[in-house]
$ cat coords17.txt   # compact mmCIF, C-alpha atoms
# COMPACT_ATOMS: atom_id res chain seq x y z
CA MET A 327 176.92 -70.63 19.19
CA GLU A 328 175.48 -67.41 17.91
CA HIS A 329 175.46 -65.73 21.30
CA ARG A 330 179.26 -65.85 21.39
CA SER A 331 180.21 -64.96 17.84
CA SER A 332 179.09 -62.33 15.39
CA ARG A 333 179.47 -64.40 12.25
CA LEU A 334 175.75 -64.58 11.57
CA ASP A 335 175.10 -60.88 12.10
CA ASN A 336 174.91 -60.23 8.37
CA VAL A 337 172.26 -62.92 7.91
CA ARG A 338 170.22 -61.43 10.73
CA SER A 339 170.59 -57.93 9.31
CA LEU A 340 169.40 -59.08 5.91
CA LEU A 341 166.40 -60.95 7.31
CA SER A 342 165.50 -58.09 9.63
CA VAL A 343 164.86 -55.87 6.62
CA PHE A 344 162.09 -58.25 5.57
CA VAL A 345 160.72 -58.49 9.08
CA TYR A 346 160.68 -54.74 9.69
CA PRO A 347 157.34 -54.21 7.84
CA VAL A 348 155.68 -56.66 10.25
CA GLN A 349 156.90 -54.61 13.20
CA LEU A 350 155.72 -51.40 11.54
CA LEU A 351 152.34 -52.97 10.83
CA VAL A 352 151.93 -54.00 14.45
CA SER A 353 152.81 -50.59 15.84
CA LEU A 354 150.66 -48.77 13.26
CA PRO A 355 147.38 -48.78 15.27
CA VAL A 356 149.07 -47.20 18.27
CA GLU A 357 150.58 -44.46 16.15
CA LEU A 358 147.30 -43.86 14.33
CA THR A 359 145.33 -43.48 17.55
CA GLU A 360 147.98 -41.10 18.82
CA LYS A 361 147.73 -39.03 15.67
CA ALA A 362 143.95 -39.04 15.82
CA PHE A 363 144.09 -37.98 19.44
CA ASN A 364 146.44 -35.13 18.57
CA THR A 365 144.17 -33.81 15.82
CA VAL A 366 141.12 -33.65 18.05
CA LEU A 367 142.92 -31.90 20.94
CA SER A 368 141.04 -28.78 21.86
CA TYR A 369 142.47 -25.29 21.55
CA SER A 370 142.32 -24.57 25.28
CA ASP A 371 144.18 -27.78 26.10
CA LEU A 372 146.93 -26.84 23.71
CA LYS A 373 147.09 -23.35 25.16
CA ASP A 374 147.38 -24.71 28.71
CA GLU A 375 150.08 -27.09 27.65
CA ASN A 376 151.90 -24.30 25.88
CA THR A 377 151.94 -22.02 28.92
CA SER A 378 153.09 -24.80 31.23
CA LEU A 379 155.83 -25.80 28.81
CA ARG A 380 156.93 -22.18 28.49
CA ARG A 381 157.19 -21.89 32.26
CA LYS A 382 159.15 -25.13 32.45
CA GLN A 383 161.46 -23.95 29.68
CA LEU A 384 162.17 -20.73 31.59
CA VAL A 385 163.07 -22.63 34.75
CA ASP A 386 165.18 -25.12 32.80
CA SER A 387 167.10 -22.44 30.94
CA ILE A 388 167.99 -20.73 34.21
CA LYS A 389 169.20 -24.06 35.56
CA LEU A 390 171.17 -24.56 32.38
CA LEU A 391 172.92 -21.20 32.80
CA LYS A 392 174.18 -22.31 36.15
CA TYR A 393 175.05 -25.73 34.78
CA GLU A 394 177.21 -24.29 32.02
CA ALA A 395 179.25 -22.29 34.50
CA LEU A 396 179.59 -25.37 36.70
CA GLU A 397 180.65 -27.54 33.79
CA ASN A 398 183.36 -25.08 32.78
CA GLU A 399 184.57 -24.97 36.34
CA ASN A 400 184.53 -28.73 36.52
CA ILE A 401 186.56 -29.10 33.32
CA ARG A 402 189.08 -26.57 34.69
CA LEU A 403 189.36 -28.38 37.99
CA ARG A 404 189.71 -31.75 36.32
CA ALA A 405 192.40 -30.32 34.05
CA LEU A 406 194.25 -29.33 37.21
CA LEU A 407 193.91 -32.92 38.39
CA GLU A 408 194.96 -34.17 34.93
CA ASN A 409 191.81 -36.22 34.65
CA SER A 410 189.77 -36.86 31.54
CA PHE A 411 186.29 -35.51 31.34
CA LYS A 412 183.41 -35.82 28.93
CA LEU A 413 183.43 -32.95 26.50
CA GLY A 414 179.94 -33.29 25.22
CA GLU A 415 177.58 -35.88 23.88
CA GLN A 416 175.77 -36.23 20.64
CA VAL A 417 172.26 -37.63 20.67
CA LEU A 418 169.87 -39.12 18.15
CA VAL A 419 166.14 -39.18 18.77
CA ALA A 420 164.64 -42.58 18.07
CA GLU A 421 161.01 -43.54 18.28
CA LEU A 422 159.82 -46.66 20.01
CA LEU A 423 158.03 -49.26 17.92
CA SER A 424 155.08 -50.72 19.81
CA VAL A 425 156.35 -54.25 19.59
CA ASN A 426 156.54 -56.78 22.38
CA LEU A 427 159.29 -59.30 21.61
CA VAL A 428 158.97 -61.77 24.48
CA PRO A 429 157.16 -61.22 27.76
CA TYR A 430 160.00 -62.39 30.04
CA GLU A 431 162.60 -59.92 28.77
CA HIS A 432 162.66 -56.14 28.81
CA VAL A 433 163.87 -55.46 25.29
CA VAL A 434 162.28 -52.80 23.10
CA VAL A 435 162.67 -51.99 19.41
CA VAL A 436 163.39 -48.47 18.18
CA ASN A 437 163.15 -47.20 14.62
CA LYS A 438 166.76 -46.10 14.16
CA GLY A 439 169.41 -48.63 13.20
CA SER A 440 172.91 -48.98 11.85
CA ARG A 441 171.97 -46.85 8.84
CA PHE A 442 171.94 -43.95 11.30
CA GLY A 443 175.22 -45.07 12.81
CA VAL A 444 173.71 -46.75 15.85
CA SER A 445 176.03 -49.42 17.19
CA ILE A 446 175.99 -52.01 19.96
CA HIS A 447 176.55 -50.94 23.61
CA GLN A 448 175.42 -47.37 23.04
CA PRO A 449 173.58 -45.88 26.01
CA VAL A 450 169.93 -44.92 25.57
CA MET A 451 168.16 -42.28 27.65
CA ASP A 452 164.93 -40.39 27.89
CA ALA A 453 164.29 -36.92 29.34
CA ASN A 454 164.46 -38.23 32.92
CA GLY A 455 167.34 -40.65 32.98
CA ILE A 456 169.05 -43.73 31.63
CA VAL A 457 166.76 -46.17 29.83
CA GLY A 458 169.15 -48.90 28.76
CA GLN A 459 171.67 -49.84 26.12
CA VAL A 460 171.61 -50.99 22.51
CA ILE A 461 172.13 -54.76 22.38
CA ARG A 462 171.67 -55.27 18.66
CA SER A 463 171.71 -52.82 15.80
CA LEU A 464 169.99 -53.89 12.62
CA PRO A 465 169.88 -51.82 9.41
CA LEU A 466 166.47 -50.22 9.99
CA SER A 467 165.88 -50.78 13.68
CA SER A 468 167.76 -51.62 16.82
CA GLU A 469 166.99 -53.54 19.99
CA VAL A 470 167.43 -51.79 23.33
CA MET A 471 167.72 -53.68 26.61
CA LEU A 472 166.13 -51.73 29.46
CA ILE A 473 167.98 -51.32 32.76
CA THR A 474 165.24 -53.36 34.47
CA ASP A 475 165.92 -56.50 32.43
CA PRO A 476 167.15 -59.31 34.71
CA ASN A 477 170.21 -59.73 32.49
CA HIS A 478 171.24 -56.09 32.74
CA ALA A 479 173.59 -54.50 35.25
CA ILE A 480 174.62 -50.87 35.36
CA PRO A 481 177.48 -49.35 37.40
CA VAL A 482 176.09 -46.53 39.53
CA GLN A 483 177.13 -44.28 42.37
CA VAL A 484 175.17 -42.49 45.05
CA ASN A 485 175.05 -38.82 44.08
CA ARG A 486 175.23 -37.66 47.71
CA ASN A 487 178.52 -39.31 48.71
CA GLY A 488 179.95 -41.04 45.65
CA LEU A 489 179.42 -44.59 46.97
CA ARG A 490 179.85 -46.92 43.99
CA THR A 491 177.88 -50.08 43.35
CA ILE A 492 176.07 -51.98 40.64
CA ALA A 493 172.32 -51.87 40.00
CA ILE A 494 170.81 -55.01 38.55
CA GLY A 495 167.47 -55.27 36.78
CA SER A 496 164.71 -57.09 38.59
CA GLY A 497 162.36 -58.05 35.76
CA LYS A 498 159.81 -55.50 36.98
CA LEU A 499 159.60 -52.14 35.23
CA ASP A 500 159.56 -50.14 38.47
CA ARG A 501 162.38 -51.80 40.35
CA LEU A 502 166.19 -52.07 40.33
CA ASN A 503 168.08 -54.20 42.85
CA LEU A 504 171.34 -53.19 44.54
CA PRO A 505 172.51 -56.53 45.89
CA PHE A 506 176.20 -55.77 46.53
CA LEU A 507 176.12 -53.27 49.40
CA PRO A 508 176.94 -54.27 52.98
CA ASN A 509 174.55 -53.73 55.87
CA ASN A 510 176.45 -50.66 57.09
CA ALA A 511 176.57 -48.88 53.70
CA ASP A 512 175.83 -45.16 53.74
CA ILE A 513 172.71 -45.16 51.59
CA LEU A 514 169.27 -43.80 52.42
CA PRO A 515 165.82 -43.94 50.83
CA GLY A 516 165.52 -40.94 48.50
CA ASP A 517 169.17 -41.00 47.43
CA LEU A 518 169.72 -40.35 43.74
CA LEU A 519 171.78 -42.94 41.89
CA VAL A 520 173.76 -41.65 38.91
CA THR A 521 175.92 -43.50 36.41
CA SER A 522 179.47 -43.82 37.66
CA GLY A 523 181.06 -44.10 34.22
CA LEU A 524 182.94 -47.25 35.18
CA GLY A 525 182.92 -49.88 32.50
CA GLY A 526 182.80 -47.27 29.79
CA THR A 527 179.36 -48.04 28.40
CA PHE A 528 177.41 -45.31 30.14
CA PRO A 529 178.73 -41.74 30.37
CA GLN A 530 179.24 -40.45 33.88
CA GLY A 531 176.74 -38.47 35.87
CA TYR A 532 173.33 -39.26 34.39
CA PRO A 533 170.47 -40.05 36.77
CA VAL A 534 169.47 -43.71 36.88
CA ALA A 535 167.19 -44.32 39.84
CA ILE A 536 166.08 -43.19 43.28
CA VAL A 537 166.58 -45.47 46.25
CA LYS A 538 163.21 -46.58 47.57
CA GLU A 539 163.88 -49.00 50.36
CA PHE A 540 166.87 -49.98 52.44
CA SER A 541 166.40 -52.89 54.78
CA VAL A 542 169.13 -54.55 56.80
CA ARG A 543 169.18 -58.33 56.88
CA PRO A 544 170.98 -59.08 60.14
CA ASN A 545 172.24 -62.56 59.31
CA LYS A 546 173.27 -61.85 55.71
CA PRO A 547 176.41 -60.10 54.46
CA PHE A 548 174.54 -57.79 52.08
CA ALA A 549 171.63 -55.45 52.65
CA ASP A 550 168.38 -55.61 50.73
CA ILE A 551 168.13 -52.39 48.72
CA TYR A 552 165.93 -51.50 45.81
CA ALA A 553 165.47 -48.38 43.71
CA ILE A 554 162.92 -46.96 41.30
CA PRO A 555 164.24 -46.01 37.82
CA LYS A 556 164.08 -42.30 37.00
CA ALA A 557 163.34 -42.88 33.31
CA GLN A 558 159.72 -43.46 32.40
CA LEU A 559 160.34 -46.90 31.01
CA ASP A 560 156.73 -47.72 30.23
CA LYS A 561 155.60 -44.28 29.07
CA SER A 562 158.15 -42.47 26.95
CA ARG A 563 157.92 -43.10 23.22
CA GLU A 564 160.89 -40.98 22.19
CA LEU A 565 164.28 -42.20 23.30
CA LEU A 566 167.70 -40.60 22.92
CA ILE A 567 170.60 -42.70 21.68
CA VAL A 568 173.82 -41.17 22.98
CA TRP A 569 177.32 -40.95 21.53
CA SER A 570 179.80 -40.03 24.20
CA ASP A 571 183.17 -39.06 22.78
CA SER A 572 185.52 -39.62 25.68
CA THR A 573 186.66 -42.44 27.87
CA PRO A 574 185.08 -41.48 31.17
CA VAL A 575 187.64 -42.91 33.59
CA PRO A 576 191.37 -43.35 33.04
CA LEU A 577 192.13 -47.06 32.92
CA MET A 578 194.58 -47.39 35.79
CA PHE A 579 193.84 -50.96 36.81
CA PRO A 580 193.22 -53.03 33.70
CA GLU A 581 191.90 -56.09 35.56
CA GLU A 582 189.41 -54.11 37.54
CA SER A 583 188.09 -52.25 34.50
CA LEU A 584 187.75 -55.56 32.70
CA LYS A 585 185.62 -56.87 35.52
CA ASN A 586 183.35 -53.87 35.21
CA VAL A 587 182.94 -54.38 31.50
CA ASP A 588 181.86 -57.93 32.29
CA ALA A 589 179.32 -56.72 34.78
CA ASN A 590 178.04 -54.33 32.21
CA GLU A 591 177.08 -56.95 29.67
CA MET B 1028 144.03 -76.28 -10.65
CA LEU B 1029 146.95 -73.92 -10.75
CA THR B 1030 144.89 -70.98 -9.53
CA ASN B 1031 143.58 -73.09 -6.65
CA LYS B 1032 147.08 -73.76 -5.50
CA LYS B 1033 147.91 -70.09 -5.69
CA GLN B 1034 144.91 -69.23 -3.55
CA ASN B 1035 146.10 -71.74 -1.01
CA ILE B 1036 149.50 -70.13 -0.89
CA HIS B 1037 147.92 -66.73 -0.37
CA GLY B 1038 145.91 -68.05 2.55
CA TYR B 1039 148.99 -69.68 4.02
CA PHE B 1040 151.14 -66.56 3.81
CA LEU B 1041 148.43 -64.20 5.00
CA THR B 1042 147.61 -66.29 8.07
CA LEU B 1043 151.30 -66.69 8.84
CA LEU B 1044 151.84 -62.93 8.56
CA LEU B 1045 148.87 -62.32 10.83
CA ALA B 1046 150.25 -64.84 13.32
CA MET B 1047 153.60 -63.04 13.37
CA CYS B 1048 151.81 -59.74 14.01
CA LEU B 1049 149.84 -61.33 16.87
CA LYS B 1050 153.04 -62.76 18.32
CA VAL B 1051 154.67 -59.35 18.77
CA LEU B 1052 151.45 -57.43 19.47
CA PRO B 1053 151.98 -54.93 22.29
CA LEU B 1054 149.66 -55.98 25.10
CA PRO B 1055 149.35 -55.13 28.77
CA ASP B 1056 151.82 -57.11 30.82
CA TYR B 1057 149.41 -59.72 32.20
CA LEU B 1058 147.93 -60.37 28.74
CA SER B 1059 151.29 -60.60 26.99
CA ARG B 1060 152.29 -63.34 29.38
CA LEU B 1061 149.28 -65.34 28.16
CA ASN B 1062 149.91 -64.67 24.47
CA PRO B 1063 150.31 -68.10 22.84
CA ASP B 1064 152.72 -68.97 20.05
CA TRP B 1065 150.38 -68.11 17.18
CA VAL B 1066 152.90 -68.94 14.49
CA LEU B 1067 153.38 -72.47 15.79
CA LEU B 1068 149.62 -73.06 16.04
CA ILE B 1069 149.12 -71.98 12.45
CA LEU B 1070 152.07 -74.03 11.27
CA ILE B 1071 150.55 -77.08 12.97
CA TYR B 1072 147.25 -76.50 11.19
CA TRP B 1073 148.74 -76.13 7.73
CA THR B 1074 151.03 -79.12 8.26
CA LEU B 1075 148.03 -81.29 9.18
CA ALA B 1076 145.83 -79.90 6.39
CA VAL B 1077 148.25 -79.92 3.45
CA PRO B 1078 151.17 -82.13 4.57
CA GLU B 1079 152.28 -82.72 0.97
CA ARG B 1080 153.18 -79.03 0.57
CA MET B 1081 154.46 -78.21 4.05
CA GLY B 1082 157.70 -79.68 5.27
CA VAL B 1083 160.29 -79.60 7.97
CA PHE B 1084 162.46 -77.21 5.97
CA ASN B 1085 159.52 -74.89 5.44
CA ALA B 1086 158.88 -74.80 9.20
CA TRP B 1087 162.58 -74.19 9.78
CA CYS B 1088 162.55 -71.16 7.47
CA VAL B 1089 159.52 -69.73 9.24
CA GLY B 1090 161.33 -70.32 12.53
CA ILE B 1091 164.38 -68.36 11.36
CA ILE B 1092 162.16 -65.43 10.41
CA VAL B 1093 160.44 -65.54 13.79
CA ASP B 1094 163.87 -65.62 15.46
CA VAL B 1095 164.83 -62.40 13.72
CA LEU B 1096 161.44 -60.85 14.46
CA THR B 1097 161.61 -61.55 18.18
CA GLY B 1098 165.36 -61.09 18.60
CA ARG B 1099 166.12 -64.63 19.79
CA LEU B 1100 169.20 -66.70 19.07
CA LEU B 1101 169.26 -67.43 15.36
CA GLY B 1102 167.93 -70.96 15.02
CA GLN B 1103 166.14 -71.32 18.33
CA GLN B 1104 162.55 -71.17 17.10
CA ALA B 1105 163.70 -72.75 13.83
CA LEU B 1106 164.74 -75.90 15.69
CA VAL B 1107 161.53 -75.95 17.70
CA TYR B 1108 159.26 -75.45 14.69
CA ALA B 1109 161.14 -78.03 12.63
CA LEU B 1110 160.80 -80.69 15.35
CA VAL B 1111 157.11 -79.98 15.95
CA SER B 1112 156.33 -80.01 12.25
CA TYR B 1113 158.18 -83.32 11.95
CA THR B 1114 155.92 -84.95 14.55
CA CYS B 1115 152.88 -83.41 12.84
CA LEU B 1116 153.96 -84.85 9.48
CA LYS B 1117 154.56 -88.23 11.09
CA PHE B 1118 151.11 -88.41 12.66
CA HIS B 1119 149.01 -86.33 10.25
CA LYS B 1120 147.00 -89.27 8.88
CA ARG B 1121 145.94 -90.36 12.34
CA LEU B 1122 145.41 -86.84 13.64
CA ARG B 1123 143.06 -85.87 10.84
CA GLN B 1124 140.68 -88.66 11.91
CA TYR B 1125 140.64 -87.56 15.53
CA PRO B 1126 137.81 -85.46 16.94
CA LEU B 1127 138.68 -81.85 17.74
CA LEU B 1128 139.09 -82.52 21.45
CA GLN B 1129 141.63 -85.26 20.91
CA GLN B 1130 143.46 -83.05 18.45
CA SER B 1131 143.63 -80.38 21.12
CA LEU B 1132 145.39 -82.86 23.36
CA PHE B 1133 148.01 -83.44 20.68
CA VAL B 1134 148.37 -79.67 20.21
CA PHE B 1135 148.80 -79.31 23.96
CA PHE B 1136 151.71 -81.72 23.98
CA SER B 1137 153.24 -80.11 20.90
CA LEU B 1138 153.10 -76.67 22.50
CA LEU B 1139 154.43 -78.04 25.77
CA PHE B 1140 157.31 -79.73 23.95
CA ALA B 1141 158.07 -76.45 22.13
CA GLN B 1142 157.99 -74.48 25.37
CA VAL B 1143 160.28 -76.98 27.14
CA LEU B 1144 162.81 -76.65 24.32
CA ILE B 1145 162.65 -72.84 24.49
CA PHE B 1146 163.01 -73.04 28.26
CA TRP B 1147 166.18 -75.13 27.95
CA ILE B 1148 167.72 -72.94 25.24
CA GLU B 1149 166.93 -69.70 27.07
CA ARG B 1150 168.37 -71.05 30.30
CA ILE B 1151 171.80 -71.57 28.71
CA ASP B 1152 172.91 -67.96 28.80
CA SER B 1153 170.37 -65.87 30.66
CA THR B 1154 169.68 -65.24 34.30
CA THR B 1155 165.97 -64.68 33.72
CA GLU B 1156 163.86 -66.35 36.37
CA PHE B 1157 161.13 -68.40 34.77
CA THR B 1158 158.03 -68.63 36.92
CA LEU B 1159 154.98 -70.81 36.40
CA ILE B 1160 153.47 -68.03 34.25
CA PHE B 1161 156.00 -68.96 31.57
CA TRP B 1162 154.00 -72.15 30.90
CA LEU B 1163 150.56 -70.50 30.65
CA PRO B 1164 150.72 -69.78 26.87
CA VAL B 1165 150.67 -73.57 26.36
CA LEU B 1166 147.25 -73.81 28.02
CA VAL B 1167 145.92 -70.73 26.24
CA GLY B 1168 147.08 -72.09 22.89
CA THR B 1169 145.33 -75.40 23.55
CA VAL B 1170 142.10 -73.67 24.46
CA LEU B 1171 142.29 -71.54 21.31
CA TRP B 1172 143.06 -74.51 19.03
CA PRO B 1173 139.42 -75.44 18.12
CA MET B 1174 138.74 -71.85 17.13
CA ILE B 1175 141.91 -71.64 15.05
CA TYR B 1176 141.07 -74.95 13.42
CA VAL B 1177 137.59 -73.84 12.39
CA VAL B 1178 138.72 -70.42 11.14
CA LEU B 1179 141.66 -71.77 9.16
CA ARG B 1180 139.56 -74.55 7.63
CA PHE B 1181 137.11 -71.88 6.51
CA ILE B 1182 139.98 -69.92 4.92
CA ARG B 1183 141.34 -73.04 3.24
CA ILE B 1184 137.97 -74.01 1.76
CA LEU B 1185 137.42 -70.44 0.66
CA GLY B 1186 140.75 -70.58 -1.16
CA GLN B 1187 139.85 -73.83 -2.89
CA THR B 1188 136.36 -72.95 -4.07
CA ARG B 1189 137.21 -69.59 -5.52
$ encode --input "coords17.txt" --output "structure tokens"
Amino acid sequence: MEHRSSRLDNVRSLLSVFVYPVQLLVSLPVELTEKAFNTVLSYSDLKDENTSLRRKQLVDSIKLLKYEALENENIRLRALLENSFKLGEQVLVAELLSVNLVPYEHVVVVNKGSRFGVSIHQPVMDANGIVGQVIRSLPLSSEVMLITDPNHAIPVQVNRNGLRTIAIGSGKLDRLNLPFLPNNADILPGDLLVTSGLGGTFPQGYPVAIVKEFSVRPNKPFADIYAIPKAQLDKSRELLIVWSDSTPVPLMFPEESLKNVDANE
Amino acid sequence: MLTNKKQNIHGYFLTLLLAMCLKVLPLPDYLSRLNPDWVLLILIYWTLAVPERMGVFNAWCVGIIVDVLTGRLLGQQALVYALVSYTCLKFHKRLRQYPLLQQSLFVFFSLLFAQVLIFWIERIDSTTEFTLIFWLPVLVGTVLWPMIYVVLRFIRILGQTR
């Protein structure tokens, strides 16, 4: 079966080169309207946007100053603990092709593929948080599964207290389910969920979602929790494909880490 | 005679290309769930219209391309298209005599058969929940069939007379 082996990958890669023009053709109208819209933008609009962006940049750069100091401190502290830590990540900006593969899956196509070094299982983000992971890299394009796909699970932890769990896609673009937390778990609406780095696919510490609702089901072992993804899954057209160059967590318990990799698929 | 055949091939490829574009067209969520399998509809038409030049292998090749286009398992749509085109080839003499409404009924069952096969194959390794909406494209495709038939016949005749 093709979903177990990778023997037919070459055939698919070859055929995808012929299919790519179709995908470009389909997403052409969207790009054209966007370009047309950009050319007719008025001067005052641009000026407003410019000032607001400048202000945002100022605030962000101040935050970044603090962040750099914190990161250095963190690396020092982790060195004291003899723990590995991410040293830095490389990103590639990829543009979304306006293509809808099948309605019952959340898989999108981006215009960067294995010719740019994109490979399977790479994390994909936008400016606000984790978007998903690469599930197939073809020569000219690659397919990205969003975190809200029902087949996708991402290991997360609550930023406030470090509580680890797994967030599973719900099939709706504005909803992630957290089905594996007990009724007495310390989690509140408004909590930020960040990637925990377990499983090794996603680098540690990137925002994933914000907890929206926590409801206890008295006669069930697990609580009913759902969260709203931070990334603008239906709006952003530019995505970042990330290379993280360190193993995020030392593999102390091989069986446990294997389980997490399974959950990650 | 030769040029006529060439025209036919142009019509066939162009409509197939258009169908593939329509299949992956980005639509709002509720519309994309109604989007019928355009490629299969157009394959059915050409198989009924020129059965001597279409074949099961042809449909299979188109299916493989659609698999790559939509990121499915390699061979999933190919199997579906090959089986549907086989039934079309088997019944094409009878179907061509039928009125449009009766043809639509046949198209309905073909699309339903295709969707059932896809449903089974997709269920093997995914946890996606398939709701009743999954079956709506079958109905939409059936409703659109008379229109497709008329338009494609126009294209075919255009290709022959030129």
$ closest_atom_pairs --input "coords17.txt" --of "chain A" --to "chain B" --cutoff "6 Å" --atoms "all atoms listed in the file" --output "tab-separated table"
residue	atom	partner	partner_atom	distance
A:Ser342	CA	B:Val1095	CA	6.0
A:Val345	CA	B:Leu1096	CA	5.9
A:Val352	CA	B:Cys1048	CA	5.8
A:Ser424	CA	B:Pro1053	CA	5.8
A:Val425	CA	B:Pro1053	CA	5.2
A:Asn426	CA	B:Val1051	CA	4.8
A:Leu427	CA	B:Thr1097	CA	4.7
A:Pro429	CA	B:Arg1060	CA	5.6
A:Pro476	CA	B:Thr1155	CA	5.6
A:Asn477	CA	B:Thr1154	CA	5.8
$ write_last_selection --input "coords17.txt" --atoms "C-alpha atoms" --output "PDB file, in the frame of the given file"
ATOM      1  CA  SER A 342     165.500 -58.090   9.630  1.00  0.00           C
ATOM      2  CA  VAL A 345     160.720 -58.490   9.080  1.00  0.00           C
ATOM      3  CA  VAL A 352     151.930 -54.000  14.450  1.00  0.00           C
ATOM      4  CA  SER A 424     155.080 -50.720  19.810  1.00  0.00           C
ATOM      5  CA  VAL A 425     156.350 -54.250  19.590  1.00  0.00           C
ATOM      6  CA  ASN A 426     156.540 -56.780  22.380  1.00  0.00           C
ATOM      7  CA  LEU A 427     159.290 -59.300  21.610  1.00  0.00           C
ATOM      8  CA  PRO A 429     157.160 -61.220  27.760  1.00  0.00           C
ATOM      9  CA  PRO A 476     167.150 -59.310  34.710  1.00  0.00           C
ATOM     10  CA  ASN A 477     170.210 -59.730  32.490  1.00  0.00           C
TER      11      ASN A 477
END
$ closest_residue --input "coords17.txt" --among "B:Leu1127, B:Val1089, B:Leu1075, B:Ile1148" --to "B:Leu1043" --atoms "all atoms listed in the file"
B:Val1089
$ closest_residue --input "coords17.txt" --among "A:Leu559, A:Leu351, A:Ile551, A:Ala511" --to "A:His432" --atoms "only C-alpha atoms"
A:Leu559
$ residues_near_point --input "coords17.txt" --point "(153.1, -66.5, 15.9)" --cutoff "6 Å" --atoms "only C-alpha atoms" --output "PyMOL selection string"
chain B and resi 1046-1047+1050+1064-1067
$ closest_residue --input "coords17.txt" --among "A:Ala362, A:Leu466, A:Leu341, A:Leu514" --to "B:Gly1090" --atoms "all atoms listed in the file"
A:Leu341
$ decode --input "coords17.txt" --residues "stretch 1062-1078 of chain B" --atoms "N, CA and C atoms" --output "CSV table (one decimal), in the first residue's frame"
chain,number,residue,atom,x,y,z
B,1062,ASN,N,-19.0,20.7,-4.3
B,1062,ASN,CA,-18.3,20.6,-5.6
B,1062,ASN,C,-18.3,19.2,-6.1
B,1063,PRO,N,-19.0,18.9,-7.2
B,1063,PRO,CA,-19.0,17.5,-7.7
B,1063,PRO,C,-17.7,17.1,-8.4
B,1064,ASP,N,-17.6,15.8,-8.7
B,1064,ASP,CA,-16.4,15.3,-9.3
B,1064,ASP,C,-16.4,15.6,-10.8
B,1065,TRP,N,-16.0,16.8,-11.2
B,1065,TRP,CA,-16.1,17.3,-12.6
B,1065,TRP,C,-15.4,16.3,-13.5
B,1066,VAL,N,-14.2,15.8,-13.1
B,1066,VAL,CA,-13.4,15.0,-14.0
B,1066,VAL,C,-14.2,13.7,-14.4
B,1067,LEU,N,-14.8,13.2,-13.4
B,1067,LEU,CA,-15.5,11.9,-13.6
B,1067,LEU,C,-16.7,12.2,-14.6
B,1068,LEU,N,-17.4,13.3,-14.3
B,1068,LEU,CA,-18.6,13.6,-15.2
B,1068,LEU,C,-18.1,13.7,-16.6
B,1069,ILE,N,-17.0,14.4,-16.9
B,1069,ILE,CA,-16.6,14.6,-18.2
B,1069,ILE,C,-16.0,13.3,-18.8
B,1070,LEU,N,-15.4,12.5,-18.0
B,1070,LEU,CA,-15.0,11.2,-18.5
B,1070,LEU,C,-16.2,10.4,-18.9
B,1071,ILE,N,-17.2,10.4,-18.1
B,1071,ILE,CA,-18.5,9.7,-18.5
B,1071,ILE,C,-19.0,10.1,-19.9
B,1072,TYR,N,-19.0,11.4,-20.0
B,1072,TYR,CA,-19.5,12.0,-21.3
B,1072,TYR,C,-18.7,11.4,-22.5
B,1073,TRP,N,-17.4,11.6,-22.4
B,1073,TRP,CA,-16.6,11.3,-23.5
B,1073,TRP,C,-16.6,9.8,-23.8
B,1074,THR,N,-16.7,9.0,-22.7
B,1074,THR,CA,-16.8,7.5,-22.9
B,1074,THR,C,-18.1,7.1,-23.6
B,1075,LEU,N,-19.2,7.8,-23.3
B,1075,LEU,CA,-20.4,7.5,-24.0
B,1075,LEU,C,-20.4,8.0,-25.4
B,1076,ALA,N,-19.8,9.2,-25.6
B,1076,ALA,CA,-19.8,9.8,-27.0
B,1076,ALA,C,-18.9,9.1,-27.9
B,1077,VAL,N,-17.6,8.9,-27.5
B,1077,VAL,CA,-16.7,8.3,-28.4
B,1077,VAL,C,-16.1,7.1,-27.8
B,1078,PRO,N,-16.9,6.0,-27.5
B,1078,PRO,CA,-16.4,4.8,-26.8
B,1078,PRO,C,-15.2,4.1,-27.5
